Structures are given as C-alpha cells and as structure tokens.
>>> print(open('run.txt').read())   # compact mmCIF, C-alpha atoms
# COMPACT_ATOMS: atom_id res chain seq x y z
CA MET Z 218 40.05 -56.78 8.36
CA PHE Z 219 39.65 -60.26 9.80
CA ASP Z 220 43.42 -60.82 9.63
CA PHE Z 221 43.75 -57.71 11.80
CA TYR Z 222 41.34 -59.22 14.31
CA ILE Z 223 43.27 -62.50 14.45
CA ARG Z 224 46.57 -60.66 15.05
CA TYR Z 225 45.11 -58.61 17.89
CA GLU Z 226 42.48 -60.99 19.24
CA TYR Z 227 44.07 -61.12 22.68
CA TRP Z 228 44.06 -57.32 22.96
CA PHE Z 229 40.44 -57.08 21.87
CA ALA Z 230 39.52 -59.46 24.72
CA ALA Z 231 41.83 -57.78 27.24
CA THR Z 232 40.53 -54.27 26.44
CA GLN Z 233 36.93 -55.40 26.64
CA LEU Z 234 37.43 -57.01 30.03
CA ALA Z 235 39.43 -54.09 31.45
CA LEU Z 236 36.74 -51.59 30.38
CA ALA Z 237 34.03 -53.80 31.86
CA MET Z 238 35.84 -54.07 35.19
CA LEU Z 239 36.45 -50.30 35.24
CA GLY Z 240 32.76 -49.67 34.68
CA MET Z 241 31.61 -52.14 37.31
CA GLY Z 242 34.21 -50.92 39.78
CA ALA Z 243 32.71 -47.45 39.51
CA THR Z 244 29.43 -48.87 40.90
CA LEU Z 245 31.00 -50.73 43.83
CA LYS Z 246 32.25 -49.78 47.28
CA VAL Z 247 34.38 -51.74 49.73
CA ARG Z 248 31.30 -52.40 51.83
CA ASP Z 249 29.79 -54.42 48.95
CA PHE Z 250 32.58 -56.97 49.37
CA VAL Z 251 32.29 -56.76 53.14
CA VAL Z 252 28.65 -57.86 52.77
CA VAL Z 253 29.83 -60.90 50.75
CA ALA Z 254 32.24 -61.81 53.55
CA GLN Z 255 29.68 -61.21 56.29
CA GLN Z 256 27.00 -63.24 54.48
CA PRO Z 257 29.13 -65.98 52.91
CA ARG Z 258 26.32 -68.40 52.07
CA GLY Z 259 26.20 -67.38 48.41
CA LEU Z 260 29.98 -67.38 48.10
CA LEU Z 261 30.39 -70.83 49.67
CA LEU Z 262 27.60 -72.31 47.55
CA GLY Z 263 29.06 -70.75 44.40
CA LEU Z 264 32.48 -72.23 45.18
CA LEU Z 265 30.93 -75.65 45.83
CA VAL Z 266 29.05 -75.62 42.53
CA GLN Z 267 31.99 -74.26 40.55
CA LEU Z 268 34.79 -76.39 41.98
CA ALA Z 269 32.98 -79.66 42.75
CA LEU Z 270 29.60 -80.04 41.04
CA VAL Z 271 30.72 -78.85 37.59
CA PRO Z 272 33.55 -81.45 37.33
CA LEU Z 273 31.20 -84.10 38.72
CA PHE Z 274 28.60 -83.28 36.07
CA ALA Z 275 31.26 -83.39 33.34
CA TRP Z 276 32.47 -86.77 34.62
CA GLY Z 277 28.95 -88.20 34.43
CA LEU Z 278 28.41 -86.80 30.92
CA LEU Z 279 31.72 -88.25 29.69
CA ILE Z 280 30.83 -91.69 31.07
CA VAL Z 281 27.36 -91.68 29.52
CA SER Z 282 28.26 -90.22 26.12
CA GLN Z 283 31.73 -91.74 25.55
CA PRO Z 284 32.74 -88.95 23.11
CA ALA Z 285 35.78 -88.83 20.84
CA VAL Z 286 39.07 -88.02 22.56
CA GLY Z 287 39.25 -84.43 21.31
CA LEU Z 288 35.71 -83.65 22.45
CA ALA Z 289 36.34 -85.36 25.81
CA VAL Z 290 39.45 -83.25 26.41
CA GLY Z 291 37.59 -80.08 25.39
CA LEU Z 292 34.72 -80.82 27.78
CA ALA Z 293 37.17 -81.63 30.58
CA LEU Z 294 38.94 -78.32 30.01
CA CYS Z 295 35.63 -76.44 30.15
CA ALA Z 296 34.82 -78.18 33.44
CA ALA Z 297 38.27 -77.57 34.95
CA ILE Z 298 38.52 -73.83 34.32
CA PRO Z 299 36.78 -71.13 36.38
CA GLY Z 300 34.08 -68.76 35.22
CA GLY Z 301 35.27 -65.95 32.98
CA THR Z 302 35.36 -62.27 33.83
CA MET Z 303 32.70 -61.76 31.15
CA SER Z 304 30.31 -63.36 33.65
CA ASN Z 305 30.79 -60.26 35.84
CA VAL Z 306 29.54 -58.05 33.00
CA LEU Z 307 26.53 -60.29 32.39
CA THR Z 308 25.72 -60.37 36.11
CA PHE Z 309 25.81 -56.58 36.12
CA LEU Z 310 23.38 -56.49 33.16
CA ALA Z 311 21.13 -59.03 34.92
CA ARG Z 312 21.04 -56.89 38.07
CA GLY Z 313 22.68 -59.72 39.97
CA HIS Z 314 25.06 -59.52 42.92
CA VAL Z 315 28.12 -58.14 41.12
CA ALA Z 316 30.41 -58.20 44.16
CA LEU Z 317 29.60 -61.89 44.66
CA SER Z 318 30.25 -62.60 40.96
CA ILE Z 319 33.62 -60.84 41.07
CA ALA Z 320 34.58 -62.61 44.31
CA LEU Z 321 33.72 -65.99 42.77
CA THR Z 322 35.69 -65.18 39.61
CA ALA Z 323 38.76 -64.04 41.55
CA ILE Z 324 38.79 -66.89 44.09
CA CYS Z 325 38.07 -69.61 41.52
CA SER Z 326 40.65 -68.16 39.13
CA PHE Z 327 43.38 -68.36 41.75
CA ALA Z 328 42.11 -71.75 42.97
CA CYS Z 329 42.30 -73.13 39.43
CA LEU Z 330 46.10 -72.96 39.63
CA LEU Z 331 45.74 -75.97 41.95
CA THR Z 332 42.38 -77.47 40.96
CA THR Z 333 42.67 -77.48 37.15
CA PRO Z 334 45.52 -80.03 36.93
CA ILE Z 335 43.68 -82.21 39.48
CA VAL Z 336 40.37 -82.08 37.58
CA LEU Z 337 42.07 -82.75 34.25
CA SER Z 338 43.95 -85.68 35.72
CA LEU Z 339 40.75 -87.18 37.13
CA LEU Z 340 38.70 -86.70 33.95
CA ILE Z 341 41.20 -87.33 31.15
CA ALA Z 342 44.31 -88.78 32.78
CA THR Z 343 45.21 -90.96 29.79
CA GLN Z 344 44.99 -88.04 27.33
CA LEU Z 345 47.21 -85.58 29.25
CA PRO Z 346 50.80 -85.15 28.04
CA GLY Z 347 53.26 -86.14 30.75
CA GLU Z 348 55.04 -82.77 30.57
CA PHE Z 349 51.87 -80.70 31.12
CA VAL Z 350 52.49 -77.69 33.38
CA MET Z 351 49.81 -75.22 34.42
CA PRO Z 352 50.65 -71.69 33.06
CA ALA Z 353 50.33 -70.29 36.59
CA ALA Z 354 52.41 -67.13 36.21
CA ARG Z 355 50.50 -65.93 33.14
CA ILE Z 356 47.12 -66.64 34.74
CA ALA Z 357 48.06 -64.77 37.92
CA THR Z 358 49.38 -61.81 35.90
CA GLU Z 359 46.22 -61.57 33.78
CA ILE Z 360 43.95 -61.80 36.83
CA THR Z 361 45.88 -58.95 38.45
CA LEU Z 362 46.16 -56.64 35.43
CA ILE Z 363 42.84 -57.29 33.66
CA LEU Z 364 40.49 -58.13 36.53
CA MET Z 365 41.68 -56.68 39.84
CA LEU Z 366 43.56 -53.50 38.83
CA PRO Z 367 40.77 -51.99 36.65
CA LEU Z 368 38.24 -52.92 39.35
CA VAL Z 369 40.23 -51.06 42.02
CA ILE Z 370 40.69 -48.05 39.73
CA GLY Z 371 36.95 -47.99 39.05
CA MET Z 372 36.19 -48.11 42.76
CA GLY Z 373 38.63 -45.21 43.18
CA VAL Z 374 36.69 -43.21 40.57
CA LEU Z 375 33.51 -43.68 42.63
CA THR Z 376 35.33 -42.49 45.75
CA VAL Z 377 36.92 -39.34 44.31
CA TRP Z 378 34.24 -38.48 41.71
CA PRO Z 379 30.90 -39.71 43.11
CA ASN Z 380 28.81 -37.35 40.97
CA GLY Z 381 30.35 -38.48 37.69
CA ALA Z 382 30.94 -42.15 38.50
CA ALA Z 383 27.58 -43.30 37.11
CA ARG Z 384 28.26 -41.67 33.74
CA PHE Z 385 31.82 -43.02 33.72
CA SER Z 386 30.46 -46.51 34.42
CA LYS Z 387 27.94 -46.33 31.57
CA ILE Z 388 30.59 -45.20 29.08
CA CYS Z 389 32.94 -48.03 30.09
CA ILE Z 390 30.24 -50.73 30.07
CA ARG Z 391 28.82 -49.60 26.72
CA SER Z 392 32.31 -49.44 25.21
CA SER Z 393 32.90 -52.95 26.50
CA ILE Z 394 29.71 -54.17 24.81
CA VAL Z 395 30.76 -52.55 21.51
CA ILE Z 396 34.07 -54.42 21.65
CA ILE Z 397 32.21 -57.69 22.39
CA LEU Z 398 30.23 -57.14 19.18
CA LEU Z 399 33.49 -56.54 17.30
CA VAL Z 400 34.89 -59.77 18.76
CA VAL Z 401 31.82 -61.73 17.61
CA ILE Z 402 32.05 -60.23 14.12
CA GLY Z 403 35.81 -60.78 13.94
CA ALA Z 404 35.72 -64.37 15.18
CA THR Z 405 32.87 -65.25 12.82
CA GLY Z 406 34.48 -63.60 9.83
CA ALA Z 407 37.82 -65.25 10.55
CA GLY Z 408 36.18 -68.69 10.58
CA ARG Z 409 37.35 -69.53 14.09
CA VAL Z 410 34.33 -71.79 14.66
CA ASP Z 411 33.68 -74.31 11.89
CA ILE Z 412 30.60 -76.25 12.92
CA THR Z 413 30.99 -78.60 9.94
CA LYS Z 414 33.91 -80.22 11.77
CA PHE Z 415 31.45 -81.68 14.29
CA ALA Z 416 29.06 -84.57 13.87
CA SER Z 417 25.50 -83.81 14.96
CA SER Z 418 25.87 -86.22 17.91
CA GLU Z 419 28.95 -84.30 19.12
CA ILE Z 420 27.11 -80.99 18.92
CA ILE Z 421 24.30 -82.50 20.99
CA ILE Z 422 26.79 -83.66 23.64
CA LEU Z 423 28.35 -80.19 23.87
CA LEU Z 424 24.97 -78.46 23.91
CA SER Z 425 23.87 -80.86 26.68
CA PHE Z 426 26.89 -79.79 28.70
CA VAL Z 427 26.11 -76.08 28.23
CA MET Z 428 22.43 -76.50 29.08
CA GLY Z 429 23.19 -78.84 31.98
CA LEU Z 430 25.47 -76.24 33.59
CA ALA Z 431 22.86 -73.52 33.05
CA VAL Z 432 20.04 -75.59 34.59
CA PHE Z 433 21.68 -77.11 37.65
CA SER Z 434 23.58 -73.91 38.57
CA TRP Z 435 20.18 -72.19 38.69
CA LEU Z 436 18.35 -75.07 40.36
CA VAL Z 437 20.78 -75.61 43.27
CA PRO Z 438 20.69 -71.99 44.56
CA LYS Z 439 16.93 -71.93 43.97
CA LEU Z 440 16.35 -75.07 46.04
CA LEU Z 441 18.51 -73.62 48.82
CA ARG Z 442 16.42 -70.42 48.75
CA LEU Z 443 19.13 -67.95 47.76
CA ASN Z 444 17.87 -64.52 46.81
CA GLY Z 445 17.51 -63.47 43.17
CA PRO Z 446 20.74 -61.44 42.80
CA ASP Z 447 22.88 -64.21 44.39
CA THR Z 448 21.21 -66.87 42.22
CA ALA Z 449 21.87 -64.79 39.10
CA ALA Z 450 25.54 -64.36 40.02
CA ILE Z 451 26.10 -68.10 40.58
CA ASN Z 452 24.03 -69.18 37.56
CA ILE Z 453 25.87 -66.91 35.13
CA GLU Z 454 29.30 -67.49 36.69
CA VAL Z 455 29.00 -71.27 36.33
CA THR Z 456 27.60 -71.20 32.79
CA PHE Z 457 29.99 -68.64 31.28
CA ARG Z 458 33.38 -70.39 31.44
CA ASN Z 459 36.76 -68.70 30.95
CA ILE Z 460 37.34 -69.96 27.39
CA ASN Z 461 40.36 -67.66 26.96
CA LEU Z 462 42.08 -69.54 29.78
CA ALA Z 463 41.00 -72.87 28.27
CA LEU Z 464 42.58 -71.87 24.95
CA LEU Z 465 45.80 -71.01 26.76
CA ILE Z 466 45.88 -74.43 28.43
CA LYS Z 467 45.01 -76.12 25.13
CA ALA Z 468 48.07 -74.48 23.58
CA SER Z 469 50.15 -75.98 26.38
CA LEU Z 470 48.61 -79.43 26.06
CA PHE Z 471 48.49 -79.62 22.26
CA PRO Z 472 50.82 -76.97 20.77
CA ALA Z 473 50.17 -76.37 17.08
CA VAL Z 474 53.06 -77.20 14.73
CA VAL Z 475 53.01 -75.86 11.17
CA GLY Z 476 52.64 -78.67 8.66
CA VAL Z 477 51.98 -81.35 11.31
CA PRO Z 478 48.35 -82.60 11.47
CA ASP Z 479 46.85 -82.80 14.96
CA PRO Z 480 43.23 -84.03 14.73
CA VAL Z 481 42.89 -84.36 18.52
CA GLY Z 482 44.26 -80.89 19.20
CA ASP Z 483 42.07 -79.42 16.46
CA MET Z 484 38.99 -81.10 17.93
CA VAL Z 485 39.85 -79.68 21.36
CA LEU Z 486 40.14 -76.21 19.80
CA PHE Z 487 36.81 -76.56 17.95
CA THR Z 488 35.14 -77.76 21.15
CA LEU Z 489 36.31 -74.73 23.13
CA LEU Z 490 35.39 -72.24 20.42
CA LEU Z 491 32.00 -73.83 19.83
CA TYR Z 492 31.29 -73.80 23.58
CA GLY Z 493 32.06 -70.08 23.50
CA GLY Z 494 29.60 -69.66 20.63
CA LEU Z 495 26.83 -71.77 22.16
CA VAL Z 496 27.00 -70.12 25.57
CA PHE Z 497 26.26 -66.59 24.31
CA PRO Z 498 22.55 -67.12 23.49
CA VAL Z 499 22.14 -69.09 26.74
CA ALA Z 500 23.79 -66.25 28.69
CA ALA Z 501 21.60 -63.69 26.90
CA LEU Z 502 18.51 -65.61 28.04
CA GLN Z 503 19.88 -65.75 31.60
CA VAL Z 504 20.45 -61.99 31.59
CA TYR Z 505 16.91 -61.36 30.36
CA LEU Z 506 15.18 -63.71 32.82
CA HIS Z 507 17.24 -62.78 35.88
CA GLY Z 508 17.12 -59.08 34.99
CA LYS Z 509 13.35 -59.15 34.63
CA ARG Z 510 12.89 -60.96 37.93
CA ASN Z 511 15.37 -58.78 39.84
CA ARG Z 512 13.83 -55.58 38.48
CA GLN Z 513 10.39 -56.77 39.56
CA ALA Z 514 11.71 -57.72 43.00
CA ALA Z 515 13.42 -54.33 43.37
CA GLY Z 516 10.21 -52.58 42.34
CA SER Z 517 8.16 -54.57 44.85
CA SER Z 518 10.57 -53.77 47.69
CA VAL Z 519 10.37 -50.03 46.87
CA GLU Z 520 6.58 -50.13 46.96
>>> encode(input="run.txt", output="structure tokens")
Amino acid sequence: MFDFYIRYEYWFAATQLALAMLGMGATLKVRDFVVVAQQPRGLLLGLLVQLALVPLFAWGLLIVSQPAVGLAVGLALCAAIPGGTMSNVLTFLARGHVALSIALTAICSFACLLTTPIVLSLLIATQLPGEFVMPAARIATEITLILMLPLVIGMGVLTVWPNGAARFSKICIRSSIVIILLVVIGATGAGRVDITKFASSEIIILLSFVMGLAVFSWLVPKLLRLNGPDTAAINIEVTFRNINLALLIKASLFPAVVGVPDPVGDMVLFTLLLYGGLVFPVAALQVYLHGKRNRQAAGSSVE
C-alpha cells in the first residue's frame, strides 16, 4: 500500500490541491479579487513579508546557529520558496481572506522564478552547484493547471449554478481533506521522514525557524492594524511553505544517484520533509485561533 503511495505521491498532492481550489473557487466572485486590488494594503504587506522578511529571518538564523551544510541548504530552500497552495485551504478553514491568500500564492509563485535563485545565492552561495537552473517551465505549468484553472472553473460553477455552488464547494473541500489524511498516512507509513537522522540541536533549529515564521508573520500585520481575515491570510501563507516546490528544486540541486552516497543531499531532503511535518500542527493551531477570532468578529458585526 505504501509503495503505491510513493509511486503516485505527486498525483495525490495534485488531486488534493485541484479539489481544494475547485471548492474555494465556488465561493469566490471576481469582485473578491477586485477588493484585493482596490485595497492593496494587505497584499503589499504580504508580499513584503514573504519576499523580504522571510529570507532576512533565515539569514539571521543561519548566522546565529551555524548549522550543518545540509540543514543550511534546506532552511535556505524553505525561505526562498513561496507559500504553498495548501495555505489557501487553511485560510478558508480559518475564515481568513481567501482571495488575498490566493493572490499572494499566485504572485509569489510567479515571482519565485526570479527571486528564488537570488535568495539561494545570497544565503548559500558556496553550496549551490554552478549548473543550477530554476525549473521555471514546470513551476509555471503547475501553477496554471493545479492552482489557476481549477479556481476559475470553481468560480464558473458559482456563476452558472449559484444554488448548488455551496454544496459543490463542501464536497470538494471535504474530499481534499480526506486526501490530505491519506497523504499523511502514506508519507508516514513509507518512512519519508526519519527524525532519527537529526540531532536534537538540528531539530531545535528547524523548529525555531517554523515558529519564528509563524510568530513574526502574525505580529507584523497585527502591529500594522490589519483586520483579522487579512492577518490570517498572511500568517498562514508565510508559515505554510510550498514544500513540493522545494523538493523539486532539491532534485535539481542534488539529484539522487543509485548507489552513490549523498549525505548533504539526504540532509536537505530530511530538512524539507521534517519542515512539512512540523508545520502541520502549527498550521492547525493557526486555523483554530484565527477561525475562532474571525467567527467572533463576524458574529459581533451581525449583532
């Protein structure tokens, strides 16, 4: 069973994301994105945090902790990539500003074609292979087919079938969550994350990075008095990185060769997978706290 998961891991992830975007699209109208453009404060702040403050935080952590090369490269990759489309699902569950979350994901994903090589060069210049090339075509294709196309189709469902769109959205979102559970079970059963490969000090460094992103991406919008839904969108978007993209770049930087040991490449892989494992309970807490606050705020405004 777990061999089956490994063979089709990419399609598990792609199906989950496509269903999630379909479901969220069925709750959105064009005017939701118009509001983001007309009130760009949240979007601009989210871009600033994602593209500038996250790499700056990673740089400071790398200087202070001086981790092993593999861990340093893994952290740099996490800092260089955009937020994942899973953050859109979590923002939806947290009653955050979904249109803002999707806009941040889309813009940062396209921007990463330019910014990721720059960030990696600044953070880990001596560890990058000279022939490194950003897999731009594949990233652009996946953004179009897995993020944008299902979103547009979902928005079309709301337009042509307004009475059934809510039910359609629930079915898609719940199906997406079921597949997430299957991914967690499959990845765990297949032994993709082996925590015994890390020293306790390395786990602490990685956990510090996860918690640091979660805290400052909540604190900055809060200090600048953004509303609850916008804060939730930025907080979750920054914390939940696109690990699938990071794994793709890792394969380009440190391609696995059968029978040839690669301790650095293996450590990079473990770092990315462990980040993906550590971020789930943090994201679950974010969804609970933001969802509770946003529900209360919505209830107060109705009264």
>>> closest_residue(input="run.txt", among="Z:Gly313, Z:Ala237, Z:Ser418, Z:Phe274", to="Ile370 in chain Z", atoms="all atoms listed in the file")
Z:Ala237
>>> atom_distance(input="run.txt", atom1="CA of Phe385 in chain Z", atom2="CA of Leu245 in chain Z")
12.7 Å
>>> atom_distance(input="run.txt", atom1="CA of Val286 in chain Z", atom2="CA of Asp483 in chain Z")
11.0 Å
>>> closest_residue(input="run.txt", among="Z:Met241, Z:Lys467, Z:Leu362, Z:Leu375", to="Ile388 in chain Z", atoms="all atoms listed in the file")
Z:Met241
>>> closest_residue(input="run.txt", among="Z:Leu464, Z:Val252, Z:Val315, Z:Ala296", to="Asp447 in chain Z", atoms="all atoms listed in the file")
Z:Val315
>>> atom_distance(input="run.txt", atom1="CA of Val281 in chain Z", atom2="CA of Ser417 in chain Z")
16.7 Å
>>> closest_residue(input="run.txt", among="Z:Leu268, Z:Ala230, Z:Ala311, Z:Leu441", to="Asn511 in chain Z", atoms="all atoms listed in the file")
Z:Ala311
>>> closest_residue(input="run.txt", among="Z:Leu294, Z:Cys325, Z:Val432, Z:Leu440", to="Ile466 in chain Z", atoms="only C-alpha atoms")
Z:Leu294
>>> residues_around(input="run.txt", residues="Tyr505 in chain Z", least_positions_apart="3", cutoff="12 Å", atoms="only C-alpha atoms", output="PyMOL selection string")
chain Z and resi 307-313+449+453+498-502+508-512
>>> residues_around(input="run.txt", residues="Ile420 in chain Z", least_positions_apart="2", cutoff="12 Å", atoms="all atoms listed in the file", output="JSON, numbers by chain")
{"Z": [282, 284, 285, 288, 292, 411, 412, 413, 414, 415, 416, 417, 418, 422, 423, 424, 425, 426, 427, 484, 487, 488, 489, 491, 492, 494, 495]}
>>> write_last_selection(input="run.txt", atoms="C-alpha atoms", output="PDB file, keeping the file's coordinate frame")
ATOM      1  CA  SER Z 282      28.260 -90.220  26.120  1.00  0.00           C
ATOM      2  CA  PRO Z 284      32.740 -88.950  23.110  1.00  0.00           C
ATOM      3  CA  ALA Z 285      35.780 -88.830  20.840  1.00  0.00           C
ATOM      4  CA  LEU Z 288      35.710 -83.650  22.450  1.00  0.00           C
ATOM      5  CA  LEU Z 292      34.720 -80.820  27.780  1.00  0.00           C
ATOM      6  CA  ASP Z 411      33.680 -74.310  11.890  1.00  0.00           C
ATOM      7  CA  ILE Z 412      30.600 -76.250  12.920  1.00  0.00           C
ATOM      8  CA  THR Z 413      30.990 -78.600   9.940  1.00  0.00           C
ATOM      9  CA  LYS Z 414      33.910 -80.220  11.770  1.00  0.00           C
ATOM     10  CA  PHE Z 415      31.450 -81.680  14.290  1.00  0.00           C
ATOM     11  CA  ALA Z 416      29.060 -84.570  13.870  1.00  0.00           C
ATOM     12  CA  SER Z 417      25.500 -83.810  14.960  1.00  0.00           C
ATOM     13  CA  SER Z 418      25.870 -86.220  17.910  1.00  0.00           C
ATOM     14  CA  ILE Z 422      26.790 -83.660  23.640  1.00  0.00           C
ATOM     15  CA  LEU Z 423      28.350 -80.190  23.870  1.00  0.00           C
ATOM     16  CA  LEU Z 424      24.970 -78.460  23.910  1.00  0.00           C
ATOM     17  CA  SER Z 425      23.870 -80.860  26.680  1.00  0.00           C
ATOM     18  CA  PHE Z 426      26.890 -79.790  28.700  1.00  0.00           C
ATOM     19  CA  VAL Z 427      26.110 -76.080  28.230  1.00  0.00           C
ATOM     20  CA  MET Z 484      38.990 -81.100  17.930  1.00  0.00           C
ATOM     21  CA  PHE Z 487      36.810 -76.560  17.950  1.00  0.00           C
ATOM     22  CA  THR Z 488      35.140 -77.760  21.150  1.00  0.00           C
ATOM     23  CA  LEU Z 489      36.310 -74.730  23.130  1.00  0.00           C
ATOM     24  CA  LEU Z 491      32.000 -73.830  19.830  1.00  0.00           C
ATOM     25  CA  TYR Z 492      31.290 -73.800  23.580  1.00  0.00           C
ATOM     26  CA  GLY Z 494      29.600 -69.660  20.630  1.00  0.00           C
ATOM     27  CA  LEU Z 495      26.830 -71.770  22.160  1.00  0.00           C
TER      28      LEU Z 495
END
>>> closest_residue(input="run.txt", among="Z:Pro272, Z:Gly445, Z:Gly403, Z:Pro367", to="Ala514 in chain Z", atoms="only C-alpha atoms")
Z:Gly445
